[in-house]
file input.txt (compact mmCIF, C-alpha atoms and all ligand atoms)
# COMPACT_ATOMS: atom_id res chain seq x y z
CA MET A 212 90.94 139.64 11.65
CA ARG A 213 88.77 141.63 13.96
CA THR A 214 89.57 145.18 14.98
CA THR A 215 88.85 146.39 18.47
CA THR A 216 87.71 149.85 19.50
CA LEU A 217 90.65 152.17 20.04
CA ILE A 218 90.70 153.94 23.36
CA GLY A 219 93.36 156.56 23.92
CA VAL A 220 95.26 155.54 26.98
CA GLY A 221 98.90 156.39 27.38
CA LEU A 222 101.79 153.98 27.62
CA TRP A 223 102.04 152.81 31.19
CA LEU A 224 105.34 151.82 32.63
CA LEU A 225 104.73 150.82 36.18
CA ALA A 226 108.03 149.68 37.46
CA ALA A 227 110.75 152.09 38.37
CA CYS A 228 113.25 152.56 35.56
CA ARG A 229 116.92 152.81 36.34
CA SER A 230 118.75 155.60 34.56
CA PRO A 231 121.85 154.38 32.74
CA ALA A 232 125.05 155.08 34.62
CA PRO A 233 127.16 157.82 32.98
CA ASN A 234 129.67 155.32 31.61
CA GLU A 235 127.10 152.75 30.56
CA PRO A 236 127.24 152.42 26.76
CA SER A 237 123.96 150.65 26.33
CA PRO A 238 120.52 152.29 26.41
CA THR A 239 119.16 149.05 27.84
CA THR A 240 116.83 149.77 30.72
CA ALA A 241 116.58 147.43 33.66
CA VAL A 242 113.24 147.20 35.39
CA SER A 243 112.89 145.80 38.85
CA GLU A 244 109.96 144.00 40.32
CA PRO A 245 107.59 146.53 41.89
CA THR A 246 108.29 146.98 45.55
CA ALA A 247 105.48 146.72 48.06
CA PRO A 248 103.69 150.01 48.72
CA ALA A 249 104.37 151.72 52.01
CA PRO A 250 101.92 150.79 54.78
CA SER A 251 98.92 153.11 54.93
CA PRO A 252 95.89 153.40 57.19
CA ALA A 253 93.65 152.36 54.25
CA PRO A 254 91.00 149.72 54.98
CA ALA A 255 92.21 146.12 54.95
CA GLY A 256 91.93 144.16 51.71
CA PRO A 257 94.13 142.72 49.03
CA PRO A 258 96.97 145.11 48.18
CA LYS A 259 96.51 146.92 44.89
CA VAL A 260 99.19 145.93 42.41
CA GLY A 261 99.95 148.08 39.41
CA SER A 262 97.25 150.29 37.91
CA GLY A 263 94.47 147.87 38.87
CA HIS A 264 93.11 148.31 35.35
CA ARG A 265 91.13 145.43 33.87
CA VAL A 266 91.24 145.13 30.12
CA GLU A 267 87.72 145.34 28.67
CA ALA A 268 88.38 144.67 24.97
CA LEU A 269 91.04 142.11 24.11
CA ALA A 270 92.03 140.61 20.76
CA ILE A 271 94.99 138.26 20.23
CA THR A 272 95.71 137.51 16.55
CA VAL A 273 98.18 134.78 15.62
CA LEU A 274 100.86 135.88 13.14
CA SER A 275 103.13 132.82 13.25
CA THR A 276 102.48 129.18 14.08
CA THR A 277 102.54 125.84 12.24
CA ASN A 278 98.89 125.72 11.24
CA ALA A 279 98.23 128.32 8.51
CA PRO A 280 94.80 128.49 6.89
CA VAL A 281 96.01 131.84 5.52
CA GLY A 282 99.53 133.21 5.10
CA GLU A 283 102.66 131.18 5.77
CA GLY A 284 103.00 128.51 8.46
CA GLU A 285 106.25 127.76 10.25
CA TRP A 286 107.67 126.24 13.43
CA GLY A 287 107.51 129.46 15.44
CA PHE A 288 105.20 131.82 17.25
CA SER A 289 104.08 135.42 17.09
CA ALA A 290 100.86 137.22 17.97
CA LEU A 291 99.45 140.73 17.90
CA VAL A 292 97.84 141.77 21.19
CA GLU A 293 95.25 144.57 21.21
CA ALA A 294 94.17 145.48 24.73
CA ASP A 295 91.78 148.43 25.05
CA GLY A 296 93.40 149.91 21.96
CA GLN A 297 97.02 149.37 23.04
CA ARG A 298 98.94 147.25 20.52
CA ILE A 299 101.82 144.93 21.42
CA LEU A 300 103.68 142.40 19.29
CA PHE A 301 104.41 139.22 21.24
CA ASP A 302 107.31 137.24 19.71
CA THR A 303 108.38 137.53 16.09
CA GLY A 304 108.30 134.10 14.43
CA LYS A 305 111.19 132.01 13.12
CA ALA A 306 112.07 132.85 9.52
CA PRO A 307 113.06 136.52 9.18
CA GLU A 308 110.22 137.33 6.74
CA THR A 309 107.29 135.21 7.98
CA VAL A 310 105.61 137.69 10.33
CA LEU A 311 106.28 140.55 7.91
CA HIS A 312 104.56 138.59 5.16
CA ASN A 313 101.66 137.40 7.34
CA ALA A 314 101.08 140.89 8.76
CA GLU A 315 100.74 142.19 5.21
CA THR A 316 98.36 139.38 4.28
CA LEU A 317 96.23 140.08 7.38
CA HIS A 318 96.39 143.88 6.96
CA VAL A 319 98.14 144.35 10.29
CA ASP A 320 99.88 147.73 10.25
CA LEU A 321 103.17 147.14 12.07
CA THR A 322 103.99 150.87 12.12
CA THR A 323 101.30 151.43 14.77
CA ILE A 324 102.79 148.93 17.26
CA PRO A 325 105.19 150.68 19.65
CA SER A 326 106.52 147.70 21.58
CA VAL A 327 107.46 144.07 21.21
CA VAL A 328 107.70 141.44 23.95
CA LEU A 329 110.21 138.63 23.41
CA SER A 330 109.33 135.54 25.44
CA HIS A 331 112.80 133.94 25.24
CA HIS A 332 115.85 133.75 23.00
CA HIS A 333 114.98 130.70 20.86
CA ASN A 334 115.21 131.30 17.11
CA ASP A 335 111.58 130.37 16.52
CA HIS A 336 110.52 133.39 18.64
CA VAL A 337 113.12 136.04 17.82
CA GLY A 338 113.91 135.12 14.19
CA GLY A 339 111.87 138.00 12.75
CA PHE A 340 112.82 140.58 15.39
CA MET A 341 115.42 142.62 13.48
CA THR A 342 113.68 142.21 10.10
CA LEU A 343 110.49 143.67 11.55
CA ARG A 344 112.24 146.60 13.23
CA ARG A 345 114.17 147.42 10.06
CA ALA A 346 110.98 147.19 7.99
CA VAL A 347 109.30 149.98 9.97
CA VAL A 348 112.08 152.20 11.29
CA GLU A 349 112.30 154.66 8.38
CA ARG A 350 108.55 155.24 8.11
CA ALA A 351 107.85 155.04 11.84
CA PRO A 352 110.96 155.36 14.05
CA ARG A 353 108.93 154.69 17.21
CA ALA A 354 107.32 151.51 15.92
CA LEU A 355 108.62 148.29 17.49
CA ALA A 356 111.18 150.53 19.19
CA THR A 357 110.78 149.19 22.73
CA ALA A 358 111.59 145.52 23.32
CA HIS A 359 110.55 143.97 26.62
CA VAL A 360 112.80 141.06 27.55
CA ALA A 361 113.68 139.28 30.80
CA THR A 362 116.97 138.89 32.60
CA GLY A 363 119.16 136.26 31.00
CA ILE A 364 118.06 136.63 27.37
CA PHE A 365 121.49 137.93 26.29
CA ALA A 366 123.50 135.14 27.95
CA PRO A 367 125.73 133.15 25.54
CA ARG A 368 124.39 129.73 24.48
CA ARG A 369 125.82 126.79 22.62
CA ARG A 370 124.89 123.34 21.55
CA ALA A 371 127.63 121.14 23.00
CA PRO A 372 130.19 120.17 21.86
CA LYS A 373 130.11 122.89 19.20
CA PRO A 374 131.53 126.24 20.36
CA ASP A 375 129.33 128.33 18.04
CA GLU A 376 127.11 131.03 19.55
CA ILE A 377 123.49 130.06 18.90
CA ASN A 378 121.76 132.91 20.74
CA LEU A 379 120.60 135.41 18.09
CA MET A 380 119.99 137.97 20.82
CA VAL A 381 123.72 138.35 21.48
CA ALA A 382 124.18 140.06 18.11
CA ALA A 383 120.68 141.56 18.01
CA ARG A 384 121.35 143.53 21.18
CA SER A 385 123.63 146.08 19.53
CA GLU A 386 121.89 145.83 16.13
CA PHE A 387 118.54 146.80 17.68
CA GLU A 388 120.04 149.60 19.72
CA ALA A 389 121.78 150.94 16.59
CA THR A 390 118.32 151.45 15.03
CA GLY A 391 117.30 153.62 18.01
CA GLY A 392 115.56 150.75 19.79
CA THR A 393 115.61 150.27 23.56
CA PHE A 394 115.50 147.05 25.53
CA VAL A 395 113.60 147.03 28.81
CA VAL A 396 114.99 144.14 30.86
CA HIS A 397 112.54 142.78 33.43
CA ASP A 398 113.65 140.84 36.50
CA GLY A 399 110.10 140.49 37.79
CA PRO A 400 106.51 141.14 36.73
CA GLY A 401 105.96 144.48 35.01
CA GLU A 402 102.82 146.21 33.75
CA ILE A 403 103.73 147.42 30.27
CA VAL A 404 100.35 148.99 29.40
CA PRO A 405 97.33 149.21 31.73
CA GLY A 406 96.23 145.67 32.56
CA VAL A 407 98.91 143.96 30.46
CA TRP A 408 101.89 142.41 32.24
CA VAL A 409 105.09 140.63 31.41
CA THR A 410 105.78 137.97 34.00
CA GLY A 411 109.55 138.43 34.04
CA PRO A 412 111.50 135.24 34.87
CA VAL A 413 109.19 132.59 36.28
CA PRO A 414 110.17 130.80 39.53
CA ARG A 415 110.30 127.04 38.98
CA VAL A 416 108.22 126.00 41.99
CA HIS A 417 106.67 122.91 40.39
CA PRO A 418 108.80 120.17 38.78
CA GLU A 419 107.93 120.98 35.18
CA ARG A 420 110.63 120.33 32.59
CA ASN A 421 109.13 121.69 29.41
CA TRP A 422 112.26 122.25 27.36
CA GLY A 423 114.53 120.20 25.12
CA GLY A 424 117.55 119.91 27.41
CA ASP A 425 120.20 119.74 24.67
CA ARG A 426 121.69 123.22 25.02
CA LEU A 427 124.05 125.02 27.35
CA ILE A 428 124.07 128.51 28.86
CA GLU A 429 127.10 130.37 30.13
CA GLY A 430 126.68 131.58 33.68
CA PRO A 431 128.78 132.34 36.74
CA GLU A 432 129.53 128.62 37.10
CA GLY A 433 130.55 128.11 33.49
CA TRP A 434 128.53 126.22 30.91
CA VAL A 435 125.47 124.50 32.39
CA GLU A 436 122.18 123.13 31.06
CA ASP A 437 120.04 125.89 29.59
CA THR A 438 116.75 125.94 31.49
CA LEU A 439 115.66 129.13 29.67
CA PRO A 440 115.87 131.32 32.79
CA GLU A 441 114.76 134.36 30.76
CA GLY A 442 111.45 132.76 29.80
CA GLN A 443 108.63 135.26 30.32
CA GLU A 444 105.04 135.30 29.11
CA LEU A 445 102.28 137.89 28.86
CA VAL A 446 99.35 138.12 31.27
CA ILE A 447 96.29 140.23 30.47
CA ASP A 448 94.12 141.06 33.49
CA THR A 449 90.47 141.14 32.41
CA ASP A 450 87.12 141.25 34.19
CA GLU A 451 86.69 137.60 33.20
CA GLY A 452 90.02 136.59 34.76
CA LEU A 453 93.63 136.31 33.64
CA VAL A 454 94.51 135.54 30.04
CA VAL A 455 97.95 133.95 29.75
CA LEU A 456 99.69 134.31 26.37
CA SER A 457 102.70 132.03 26.10
CA GLY A 458 105.45 131.65 23.50
CA CYS A 459 106.83 128.24 24.42
CA GLY A 460 106.08 128.18 28.14
CA HIS A 461 109.38 126.49 28.93
CA ALA A 462 108.99 127.33 32.64
CA GLY A 463 105.82 125.22 32.62
CA VAL A 464 102.32 126.61 32.40
CA VAL A 465 101.58 125.66 36.01
CA ASN A 466 104.61 127.62 37.21
CA ILE A 467 103.61 130.52 34.96
CA VAL A 468 100.03 130.60 36.26
CA THR A 469 101.18 130.20 39.87
CA HIS A 470 103.54 133.16 39.46
CA ALA A 471 100.91 135.30 37.71
CA ARG A 472 98.28 134.68 40.37
CA ALA A 473 100.74 135.34 43.19
CA LYS A 474 102.19 138.55 41.76
CA ILE A 475 99.54 140.08 39.51
CA ARG A 476 96.08 139.04 40.69
CA GLN A 477 94.70 135.99 42.47
CA ALA A 478 92.07 135.52 39.78
CA PRO A 479 90.74 132.54 37.81
CA VAL A 480 92.50 131.83 34.53
CA ARG A 481 90.09 132.78 31.75
CA ALA A 482 92.21 131.42 28.91
CA ALA A 483 95.59 129.99 28.05
CA VAL A 484 96.66 131.11 24.57
CA GLY A 485 99.73 130.17 22.51
CA GLY A 486 102.52 127.62 22.89
CA PHE A 487 102.82 125.51 26.06
CA HIS A 488 105.49 122.97 25.06
CA LEU A 489 103.54 119.90 26.10
CA MET A 490 104.25 118.17 22.77
CA ASP A 491 106.84 115.79 24.27
CA SER A 492 105.12 115.35 27.63
CA THR A 493 103.91 112.03 29.00
CA PRO A 494 100.16 111.47 29.39
CA ALA A 495 100.70 111.61 33.17
CA HIS A 496 102.35 115.04 32.95
CA ILE A 497 99.61 116.35 30.66
CA ALA A 498 96.98 115.04 33.09
CA TRP A 499 98.79 116.64 36.06
CA THR A 500 99.02 119.93 34.17
CA GLY A 501 95.32 119.80 33.32
CA ASP A 502 94.36 119.07 36.93
CA ARG A 503 96.34 122.07 38.19
CA LEU A 504 94.78 124.37 35.57
CA ARG A 505 91.27 123.15 36.33
CA GLU A 506 91.93 124.06 39.97
CA VAL A 507 92.59 127.67 38.95
CA GLY A 508 89.44 127.83 36.85
CA LEU A 509 90.84 127.52 33.33
CA GLN A 510 87.98 128.14 30.91
CA GLU A 511 89.62 127.73 27.50
CA LEU A 512 92.82 126.55 25.81
CA LEU A 513 93.57 128.30 22.52
CA ALA A 514 96.72 126.43 21.64
CA ALA A 515 99.39 127.00 19.02
CA HIS A 516 103.00 126.11 18.17
CA CYS A 517 104.48 123.54 20.58
CA THR A 518 101.42 122.67 22.70
CA GLY A 519 100.78 119.35 20.95
CA THR A 520 97.60 117.52 19.96
CA PRO A 521 97.50 115.11 22.95
CA ALA A 522 97.39 118.03 25.39
CA ILE A 523 94.70 119.85 23.39
CA GLU A 524 92.55 116.71 23.28
CA HIS A 525 93.04 116.01 26.98
CA PHE A 526 92.11 119.57 27.91
CA GLY A 527 89.02 119.41 25.70
CA ALA A 528 87.85 116.15 27.29
CA HIS A 529 88.85 116.64 30.92
CA VAL A 530 89.84 120.21 31.80
CA VAL A 531 87.77 123.00 30.24
CA PRO A 532 84.09 123.25 31.24
CA GLU A 533 81.40 121.79 29.00
CA GLY A 534 80.86 123.95 25.93
CA LYS A 535 84.19 125.79 26.28
CA ARG A 536 86.97 125.55 23.71
CA ALA A 537 90.22 123.61 23.64
CA LEU A 538 91.55 123.89 20.11
CA GLU A 539 94.51 124.79 17.96
CA LEU A 540 94.73 128.28 16.51
CA GLY A 541 96.16 129.00 13.08
CA VAL A 542 97.72 132.04 11.46
CA GLY A 543 95.05 134.76 11.23
CA ASP A 544 92.86 133.36 14.00
CA THR A 545 91.88 135.86 16.68
CA PHE A 546 90.92 135.19 20.30
CA VAL A 547 88.53 137.94 21.38
CA LEU A 548 87.19 139.00 24.76
CA PRO A 549 84.41 139.52 25.43
CA VAL A 550 83.33 136.68 23.17
CA GLN A 551 81.01 138.06 20.47
ZN ZN A 601 111.62 127.78 22.98
ZN ZN A 602 109.09 127.76 20.39
call {"tool": "encode", "arguments": {"input": "input.txt", "output": "structure tokens", "more": "lines below"}}
Ligand SMILES: [Zn+2]
Ligand SMILES: [Zn+2]
result
Amino acid sequence: MRTTTLIGVGLWLLAACRSPAPNEPSPTTAVSEPTAPAPSPAPAGPPKVGSGHRVEALAITVLSTTNAPVGEGEWGFSALVEADGQRILFDTGKAPETVLHNAETLHVDLTTIPSVVLSHHHNDHVGGFMTLRRAVVERAPRALATAHVATGIFAPRRRAPKPDEINLMVAARSEFEATGGTFVVHDGPGEIVPGVWVTGPVPRVHPERNWGGDRLIEGPEGWVEDTLPEGQELVIDTDEGLVVLSGCGHAGVVNIVTHARAKIRQAPVRAAVGGFHLMDSTPAHIAWTGDRLREVGLQELLAAHCTGTPAIEHFGAHVVPEGKRALELGVGDTFVLPVQ
């Protein structure tokens, strides 16, 4: 894998953090969507959101996916994000040991990664979460000690008609906190280091249905279909446009991109990286998705996990500009900006 230049910039938490109430047992921190700045006499123009920082050096290295030219492959996803020297683990694979093993194979030092982003509760994204934290906590108590999640990730789930709890995050909540870890729960977009954002829950504006539909979630109205309300992805704001890193993209990549451009920056989409759950989609839905992404300037699709070969081939033939890439990444592959 390629190593980027390290630049010493401090951890940036944009959104206001709520202090736990005195009787609140959990160190979980809730983070609200940034509120609009107060009106000022400044010249007219688009409002500045967050730090305004654009990431100059970006590397995304895949640590878990099916295709594995090196290391172990599995039905899951995980990637290391390095953005101007800031390191973030995005998702943690399926089998407890896969990312641990692949990180060792790829010489990725997990003890230097302070935070992890979990895209949603599915086992193939959180399966390695506790194993990884436990692997580093004695040597580096602050490594993987902050977990960014979105509202809804701890809600009970089941696969009807079985009553068994299938959401690993229900148990992992207290297990992680017992190791000294802290959850930051996002209910809207949040800038977690300069230029790198979690989307928070993604509004379902477009009729995308990119999930399996065989599971239930417990909410205020009882057990209802689980639409993965906690699904959040990562958006890196670069000079070349937005890079969207997705775990499964159950909210739909068009909804994700629409949300990112509305709330983070109205910029072209430089690249879509990761899993986009188009593997079961009809050709018509794949074509519709491609048309919408072409409209927002998508340059490249670096797919993994659940994106599916038909979508990759369609994007290569009809969506990305001539000479740009639409391909499947494997374990150990790194997407780098600027392209060398
Ligand atoms: Zn999923
Ligand atoms: Zn998945």
call {"tool": "residues_near_ligand", "arguments": {"input": "input.txt", "ligand": "ligand ZN 601 (chain A)", "cutoff": "12 Å", "atoms": "all atoms listed in the file", "output": "PyMOL selection string"}}
result
chain A and resi 286-288+302+304-305+329-338+364+378+421-426+437-444+457-463+486-489+516-518
call {"tool": "write_last_selection", "arguments": {"input": "input.txt", "atoms": "C-alpha atoms", "output": "mmCIF file, in the frame of the given file"}}
result
data_model
loop_
_atom_site.group_PDB
_atom_site.id
_atom_site.type_symbol
_atom_site.label_atom_id
_atom_site.label_comp_id
_atom_site.auth_asym_id
_atom_site.auth_seq_id
_atom_site.Cartn_x
_atom_site.Cartn_y
_atom_site.Cartn_z
ATOM 1 C CA TRP A 286 107.670 126.240 13.430
ATOM 2 C CA GLY A 287 107.510 129.460 15.440
ATOM 3 C CA PHE A 288 105.200 131.820 17.250
ATOM 4 C CA ASP A 302 107.310 137.240 19.710
ATOM 5 C CA GLY A 304 108.300 134.100 14.430
ATOM 6 C CA LYS A 305 111.190 132.010 13.120
ATOM 7 C CA LEU A 329 110.210 138.630 23.410
ATOM 8 C CA SER A 330 109.330 135.540 25.440
ATOM 9 C CA HIS A 331 112.800 133.940 25.240
ATOM 10 C CA HIS A 332 115.850 133.750 23.000
ATOM 11 C CA HIS A 333 114.980 130.700 20.860
ATOM 12 C CA ASN A 334 115.210 131.300 17.110
ATOM 13 C CA ASP A 335 111.580 130.370 16.520
ATOM 14 C CA HIS A 336 110.520 133.390 18.640
ATOM 15 C CA VAL A 337 113.120 136.040 17.820
ATOM 16 C CA GLY A 338 113.910 135.120 14.190
ATOM 17 C CA ILE A 364 118.060 136.630 27.370
ATOM 18 C CA ASN A 378 121.760 132.910 20.740
ATOM 19 C CA ASN A 421 109.130 121.690 29.410
ATOM 20 C CA TRP A 422 112.260 122.250 27.360
ATOM 21 C CA GLY A 423 114.530 120.200 25.120
ATOM 22 C CA GLY A 424 117.550 119.910 27.410
ATOM 23 C CA ASP A 425 120.200 119.740 24.670
ATOM 24 C CA ARG A 426 121.690 123.220 25.020
ATOM 25 C CA ASP A 437 120.040 125.890 29.590
ATOM 26 C CA THR A 438 116.750 125.940 31.490
ATOM 27 C CA LEU A 439 115.660 129.130 29.670
ATOM 28 C CA PRO A 440 115.870 131.320 32.790
ATOM 29 C CA GLU A 441 114.760 134.360 30.760
ATOM 30 C CA GLY A 442 111.450 132.760 29.800
ATOM 31 C CA GLN A 443 108.630 135.260 30.320
ATOM 32 C CA GLU A 444 105.040 135.300 29.110
ATOM 33 C CA SER A 457 102.700 132.030 26.100
ATOM 34 C CA GLY A 458 105.450 131.650 23.500
ATOM 35 C CA CYS A 459 106.830 128.240 24.420
ATOM 36 C CA GLY A 460 106.080 128.180 28.140
ATOM 37 C CA HIS A 461 109.380 126.490 28.930
ATOM 38 C CA ALA A 462 108.990 127.330 32.640
ATOM 39 C CA GLY A 463 105.820 125.220 32.620
ATOM 40 C CA GLY A 486 102.520 127.620 22.890
ATOM 41 C CA PHE A 487 102.820 125.510 26.060
ATOM 42 C CA HIS A 488 105.490 122.970 25.060
ATOM 43 C CA LEU A 489 103.540 119.900 26.100
ATOM 44 C CA HIS A 516 103.000 126.110 18.170
ATOM 45 C CA CYS A 517 104.480 123.540 20.580
ATOM 46 C CA THR A 518 101.420 122.670 22.700
#
call {"tool": "residues_around", "arguments": {"input": "input.txt", "residues": "His264 (chain A)", "least_positions_apart": "6", "cutoff": "10 Å", "atoms": "all atoms listed in the file", "output": "MDAnalysis selection string"}}
result
chainID A and resid 404:407 447:450
call {"tool": "residues_around", "arguments": {"input": "input.txt", "residues": "Pro372 (chain A)", "least_positions_apart": "2", "cutoff": "10 Å", "atoms": "all atoms listed in the file", "output": "PyMOL selection string"}}
result
chain A and resi 369-370+374-375+426-427
call {"tool": "closest_residue", "arguments": {"input": "input.txt", "among": "A:Ala354, A:Val550, A:Leu300, A:Ala515", "to": "ligand ZN 602 (chain A)", "atoms": "only C-alpha atoms and all ligand atoms"}}
result
A:Ala515
call {"tool": "residues_near_point", "arguments": {"input": "input.txt", "point": "(128.8, 128.0, 28.8)", "cutoff": "10 Å", "atoms": "all atoms listed in the file", "output": "MDAnalysis selection string"}}
result
chainID A and resid 366:371 374 376 426:437
call {"tool": "residues_near_point", "arguments": {"input": "input.txt", "point": "(90.9, 116.3, 25.1)", "cutoff": "12 Å", "atoms": "all atoms listed in the file", "output": "list in words"}}
result
Pro494, Ile497, Ala498, Gly501, Glu511, Leu512, Gly519, Thr520, Pro521, Ala522, Ile523, Glu524, His525, Phe526, Gly527, Ala528, His529, Val530, Val531, Pro532, Glu533, Lys535, Arg536, Ala537, Leu538 and Glu539 of chain A
call {"tool": "atom_distance", "arguments": {"input": "input.txt", "atom1": "CA of Thr469 (chain A)", "atom2": "CA of Phe394 (chain A)"}}
result
26.4 Å
call {"tool": "residues_around", "arguments": {"input": "input.txt", "residues": "region 478-481 of chain A", "least_positions_apart": "3", "cutoff": "7 Å", "atoms": "only C-alpha atoms", "output": "list in words"}}
result
Glu451, Gly452, Leu453, Val454, Arg472, Val507, Gly508, Leu509, Gln510 and Glu511 of chain A
call {"tool": "atom_distance", "arguments": {"input": "input.txt", "atom1": "CA of Thr390 (chain A)", "atom2": "CA of Phe340 (chain A)"}}
result
12.2 Å
call {"tool": "atom_distance", "arguments": {"input": "input.txt", "atom1": "CA of His359 (chain A)", "atom2": "CA of Glu283 (chain A)"}}
result
25.7 Å
call {"tool": "closest_residue", "arguments": {"input": "input.txt", "among": "A:Met490, A:Thr323, A:Thr362, A:Ile475", "to": "ligand ZN 602 (chain A)", "atoms": "all atoms listed in the file"}}
result
A:Met490
call {"tool": "closest_residue", "arguments": {"input": "input.txt", "among": "A:Pro418, A:Gly296, A:Met341, A:Thr303", "to": "ligand ZN 602 (chain A)", "atoms": "all atoms listed in the file"}}
result
A:Thr303
call {"tool": "axis_aligned_box", "arguments": {"input": "input.txt", "around": "region 386-391 of chain A", "padding_each_side": "4 Å", "output": "JSON"}}
result
{"center_x": 119.6, "center_y": 149.7, "center_z": 17.4, "size_x": 12.6, "size_y": 15.8, "size_z": 12.7}
call {"tool": "closest_residue", "arguments": {"input": "input.txt", "among": "A:Gly485, A:Gly261, A:Gly392, A:Gly399", "to": "ligand ZN 602 (chain A)", "atoms": "only C-alpha atoms and all ligand atoms"}}
result
A:Gly485
call {"tool": "closest_residue", "arguments": {"input": "input.txt", "among": "A:Val542, A:Val484, A:Lys474, A:Leu379", "to": "Val260 (chain A)", "atoms": "only C-alpha atoms"}}
result
A:Lys474
call {"tool": "closest_residue", "arguments": {"input": "input.txt", "among": "A:Ile271, A:Ala306, A:Val409, A:Ala279", "to": "Ala294 (chain A)", "atoms": "all atoms listed in the file"}}
result
A:Ile271
